[in-house]
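A.B. asks: If it helps, the file is called upload.txt and holds compact mmCIF, C-alpha atoms:
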# COMPACT_ATOMS: atom_id res chain seq x y z
CA MET Z 283 94.01 106.38 84.13
CA LEU Z 284 91.06 104.76 85.85
CA ILE Z 285 88.59 107.24 87.29
CA ASN Z 286 87.46 104.83 90.03
CA LYS Z 287 90.97 104.86 91.57
CA TYR Z 288 90.40 108.23 93.24
CA ILE Z 289 90.77 107.93 96.98
CA ARG Z 290 89.05 111.14 97.93
CA VAL Z 291 86.11 112.98 96.48
CA ALA Z 292 85.47 116.59 97.34
CA ILE Z 293 83.26 119.12 95.66
CA ILE Z 294 84.37 122.73 95.85
CA LYS Z 295 81.62 125.21 95.03
CA SER Z 296 82.42 127.28 91.99
CA ASP Z 297 80.68 128.84 89.06
CA LEU Z 298 83.43 127.55 86.81
CA MET Z 299 84.66 124.00 87.36
CA PRO Z 300 84.35 121.97 90.55
CA VAL Z 301 87.15 119.66 91.58
CA ILE Z 302 85.57 116.25 92.14
CA GLY Z 303 88.55 114.13 93.10
CA ILE Z 304 92.21 113.82 93.83
CA GLY Z 305 94.37 110.73 93.88
CA MET Z 306 98.01 110.11 94.62
CA ASN Z 307 99.93 107.68 92.45
CA SER Z 308 103.47 108.07 93.77
CA ILE Z 309 105.05 109.04 97.07
CA GLU Z 310 108.77 109.22 97.71
CA ALA Z 311 110.43 110.48 100.89
CA LYS Z 312 114.17 110.25 101.33
CA LYS Z 313 116.78 111.63 103.65
CA GLN Z 314 120.30 112.05 102.26
CA THR Z 315 121.87 112.74 105.63
CA ASP Z 316 120.79 113.23 109.21
CA VAL Z 317 119.30 116.65 109.75
CA VAL Z 318 120.42 117.60 113.24
CA GLY Z 319 120.43 121.01 114.89
CA GLY Z 320 120.96 124.29 113.15
CA SER Z 321 118.71 125.71 110.52
CA VAL Z 322 117.28 123.99 107.47
CA LYS Z 323 115.74 125.69 104.46
CA VAL Z 324 112.40 124.13 103.48
CA LYS Z 325 111.07 124.81 99.96
CA SER Z 326 107.83 123.42 98.56
CA GLN Z 327 106.47 123.72 95.05
CA THR Z 328 103.64 122.34 92.95
CA ASP Z 329 104.05 121.64 89.24
CA LEU Z 330 101.15 120.86 86.92
CA LYS Z 331 102.50 118.28 84.46
CA GLU Z 332 99.75 117.31 82.03
CA VAL Z 333 96.06 117.89 81.36
CA LYS Z 334 93.90 115.25 79.69
CA LYS Z 335 90.24 115.04 78.67
CA HIS Z 336 88.09 112.09 79.80
CA LYS Z 337 84.61 110.70 79.47
CA ILE Z 338 83.34 109.68 82.90
CA PRO Z 339 81.12 106.59 83.00
CA GLY Z 340 77.62 107.50 84.16
CA MET Z 341 78.04 111.22 83.49
CA GLU Z 342 77.06 113.01 80.32
CA SER Z 343 79.79 115.63 80.52
CA GLU Z 344 83.53 115.35 80.02
CA ALA Z 345 86.09 115.88 82.73
CA LEU Z 346 89.68 117.08 82.80
CA SER Z 347 92.44 115.44 84.77
CA VAL Z 348 95.54 117.35 85.83
CA ASP Z 349 98.66 115.35 86.63
CA PHE Z 350 100.81 117.05 89.24
CA GLU Z 351 103.98 116.80 91.27
CA PHE Z 352 104.26 118.29 94.75
CA LYS Z 353 107.80 118.49 96.09
CA THR Z 354 109.29 119.63 99.38
CA ASP Z 355 113.06 120.01 99.56
CA TYR Z 356 115.11 120.31 102.75
CA LEU Z 357 118.27 122.26 101.95
CA SER Z 358 121.29 123.36 103.94
CA PRO Z 359 121.03 127.14 104.34
CA ASP Z 360 124.67 127.75 103.33
CA ASP Z 361 125.18 125.90 100.07
CA GLU Z 362 121.61 124.75 99.29
CA LYS Z 363 122.78 121.11 99.36
CA GLU Z 364 119.81 118.74 99.39
CA LEU Z 365 119.45 117.09 102.78
CA ALA Z 366 116.08 115.43 102.21
CA SER Z 367 113.06 115.54 99.91
CA ILE Z 368 109.43 114.51 99.77
CA THR Z 369 107.82 114.10 96.33
CA ILE Z 370 104.16 113.28 95.75
CA GLY Z 371 102.64 112.69 92.32
CA GLY Z 372 98.99 112.41 91.50
CA THR Z 373 95.96 113.53 89.55
CA VAL Z 374 93.17 116.03 90.18
CA LEU Z 375 89.85 115.50 88.36
CA PHE Z 376 87.38 118.29 87.67
CA VAL Z 377 84.23 118.93 85.63
CA GLY Z 378 82.37 122.00 84.44
CA ASP Z 379 80.94 123.97 81.57
CA LYS Z 380 84.22 125.19 80.11
CA ILE Z 381 86.11 121.92 79.70
CA GLU Z 382 86.95 122.49 76.03
CA GLU Z 383 88.12 126.09 76.56
CA THR Z 384 90.27 125.05 79.54
CA PHE Z 385 91.79 122.14 77.63
CA GLU Z 386 92.57 124.32 74.60
CA LYS Z 387 94.25 126.94 76.82
CA TRP Z 388 96.45 124.21 78.33
CA LYS Z 389 97.38 122.90 74.86
CA LYS Z 390 98.14 126.42 73.62
CA ASP Z 391 100.28 127.84 76.43
CA GLY Z 392 100.62 125.20 79.16
CA THR Z 393 98.52 127.10 81.71
CA LEU Z 394 95.04 126.83 83.15
CA PRO Z 395 92.58 129.70 83.56
CA GLU Z 396 93.23 131.42 86.89
CA ASP Z 397 89.96 130.27 88.54
CA VAL Z 398 90.64 126.64 87.61
CA SER Z 399 94.32 126.86 88.55
CA ILE Z 400 93.49 128.21 92.02
CA GLN Z 401 91.04 125.38 92.69
CA VAL Z 402 93.40 122.68 91.44
CA ILE Z 403 96.45 123.99 93.30
CA ASN Z 404 94.48 124.51 96.53
CA MET Z 405 93.27 120.90 96.39
CA ILE Z 406 96.84 119.68 95.77
CA LEU Z 407 98.21 121.81 98.62
CA ASP Z 408 95.49 120.61 101.00
CA LYS Z 409 96.05 116.92 100.31
CA CYS Z 410 99.83 116.90 99.84
CA SER Z 411 100.75 119.23 102.71
CA LYS Z 412 99.01 116.89 105.13
CA LYS Z 413 100.79 113.84 103.69
CA ALA Z 414 104.16 115.66 103.67
CA LEU Z 415 103.65 116.60 107.33
CA ILE Z 416 103.21 112.93 108.29
CA LEU Z 417 106.16 111.80 106.13
CA SER Z 418 108.43 114.51 107.57
CA ASP Z 419 107.59 113.29 111.07
CA ASP Z 420 108.34 109.69 110.06
CA LEU Z 421 111.76 110.75 108.73
CA GLN Z 422 112.43 112.99 111.74
CA LEU Z 423 112.54 116.11 109.58
CA PRO Z 424 111.26 119.57 110.43
CA SER Z 425 107.63 120.19 109.53
CA PRO Z 426 107.18 121.45 105.97
CA ILE Z 427 104.36 123.72 107.13
CA ALA Z 428 104.28 126.17 110.02
CA LEU Z 429 102.64 124.67 113.09
CA PRO Z 430 101.35 126.58 116.10
CA PHE Z 431 103.42 126.44 119.28
CA ALA Z 432 102.65 127.51 122.84
CA LYS Z 433 104.88 130.30 124.17
CA LYS Z 434 105.79 131.40 127.64
CA LYS Z 435 104.07 134.66 128.62
Output the file's structure in the form of structure tokens.
C.D. replies:
Amino acid sequence: MLINKYIRVAIIKSDLMPVIGIGMNSIEAKKQTDVVGGSVKVKSQTDLKEVKKHKIPGMESEALSVDFEFKTDYLSPDDEKELASITIGGTVLFVGDKIEETFEKWKKDGTLPEDVSIQVINMILDKCSKKALILSDDLQLPSPIALPFAKKK
């Protein structure tokens, strides 16, 4: 993985480990059938796939990268048949004082400390929800996130 491939840099204030970047490396959006009328069940989930340690050029400290997959499924409400899906894969990069402890926890039980996990997942949700919203519109699918609507008084 090349660190300079990150397309967005954002620093989130934290005493633990700030997220310094997120990059997408795969995007797939497909519609199995036309989704017309009626109700559609929309389910989104984020999976953390792998954590790796890196030396960042120009920085003295190490960083951790977290590979992820964000997926939104559009299902028929009756039989949960897949009607469409949006899948986004990528990597979140973060630095901090507890890199070694965080990495060892991942190796031991496949989880991140709660503070780190919240930061990583929030960054993934922020970036991927926006992209999924645009892709759903392109495929003429319902929005994967609730949008505000004007109502008659």
A.B. asks: Using all atoms listed in the file, which protein or nucleic acid residues come within 12 Å of Z:Lys409? Drop anything in the same chain fewer than 4 positions from it, and give the result as a list in words.
C.D. replies: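 Returned residues: Ile289, Arg290, Val291, Ala292, Gly303, Ile304, Gly305, Met306, Thr328, Phe352, Ile370, Gly371, Gly372, Thr373, Val374, Val402, Ile403, Asn404, Met405, Lys413, Ala414, Leu415 and Ile416 of chain Z.
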A.B. asks: Counting all atoms listed in the file, find the residues whose atoms lie at most 10 Å from (87.7, 128.8, 79.1) (file coordinates) and write them out as a ChimeraX atom specification.
C.D. replies: /Z:298,379-388,394-398
A.B. asks: Between Z:Ser326, Z:Ser347, Z:Gln401, Z:Thr369, which has the minimum distance to Z:Ser425 (counting only C-alpha atoms)?
C.D. replies: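 Under the stated criterion, the closest residue is Z:Ser326.
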A.B. asks: Tell me, in Å to one decimal, how far atom CA of Z:Val301 is from atom CA of Z:Val377.
C.D. replies: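 Between atom CA of Z:Val301 and atom CA of Z:Val377 the gap works out to 6.7 Å.
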A.B. asks: Which distance in Å separates atom CA of Z:Ser367 and atom CA of Z:Gln314, to one decimal?
C.D. replies: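 Separation of atom CA of Z:Ser367 and atom CA of Z:Gln314: 8.4 Å.
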A.B. asks: Measuring between all atoms listed in the file, which one of Z:His336, Z:Lys323, Z:Lys412, Z:Lys313 shows the shortest distance to Z:Ala366?
C.D. replies: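 That would be Z:Lys313, the residue with the smallest distance to Z:Ala366.
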A.B. asks: So which one's closest to Z:Lys390, Z:Val348, Z:Leu421, Z:Val333, Z:Ile427? Using only C-alpha atoms, please.
C.D. replies: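 Among the listed residues, Z:Val333 lies closest to Z:Lys390.
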A.B. asks: May I ask which of the residues Z:Gly392, Z:Pro430, Z:Pro424, Z:Gly378 is the closest one to Z:Glu344, counting only C-alpha atoms?
C.D. replies: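 Checking each of Z:Gly392, Z:Pro430, Z:Pro424, Z:Gly378 against Z:Glu344, counting only C-alpha atoms, the winner is Z:Gly378.
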A.B. asks: Go ahead and compute the interatomic distance for atom CA of Z:Ile406 and atom CA of Z:Leu375, in Å to one decimal.
C.D. replies: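 Between these atoms lies a distance of 11.0 Å.
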A.B. asks: Give the answer as one residue: which of Z:Ser411, Z:Gln422, Z:Val324, Z:Pro339 has the shortest atom-to-atom distance to Z:Lys363, using only C-alpha atoms?
C.D. replies: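 Looking at the shortest contact to Z:Lys363, the residue is Z:Val324.
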A.B. asks: So, with all atoms listed in the file as the atoms that count, which of Z:Ile368, Z:Glu362, Z:Thr315, Z:Pro300 lies closest to Z:Ser418?
C.D. replies: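 Using all atoms listed in the file, the shortest distance to Z:Ser418 belongs to Z:Ile368.
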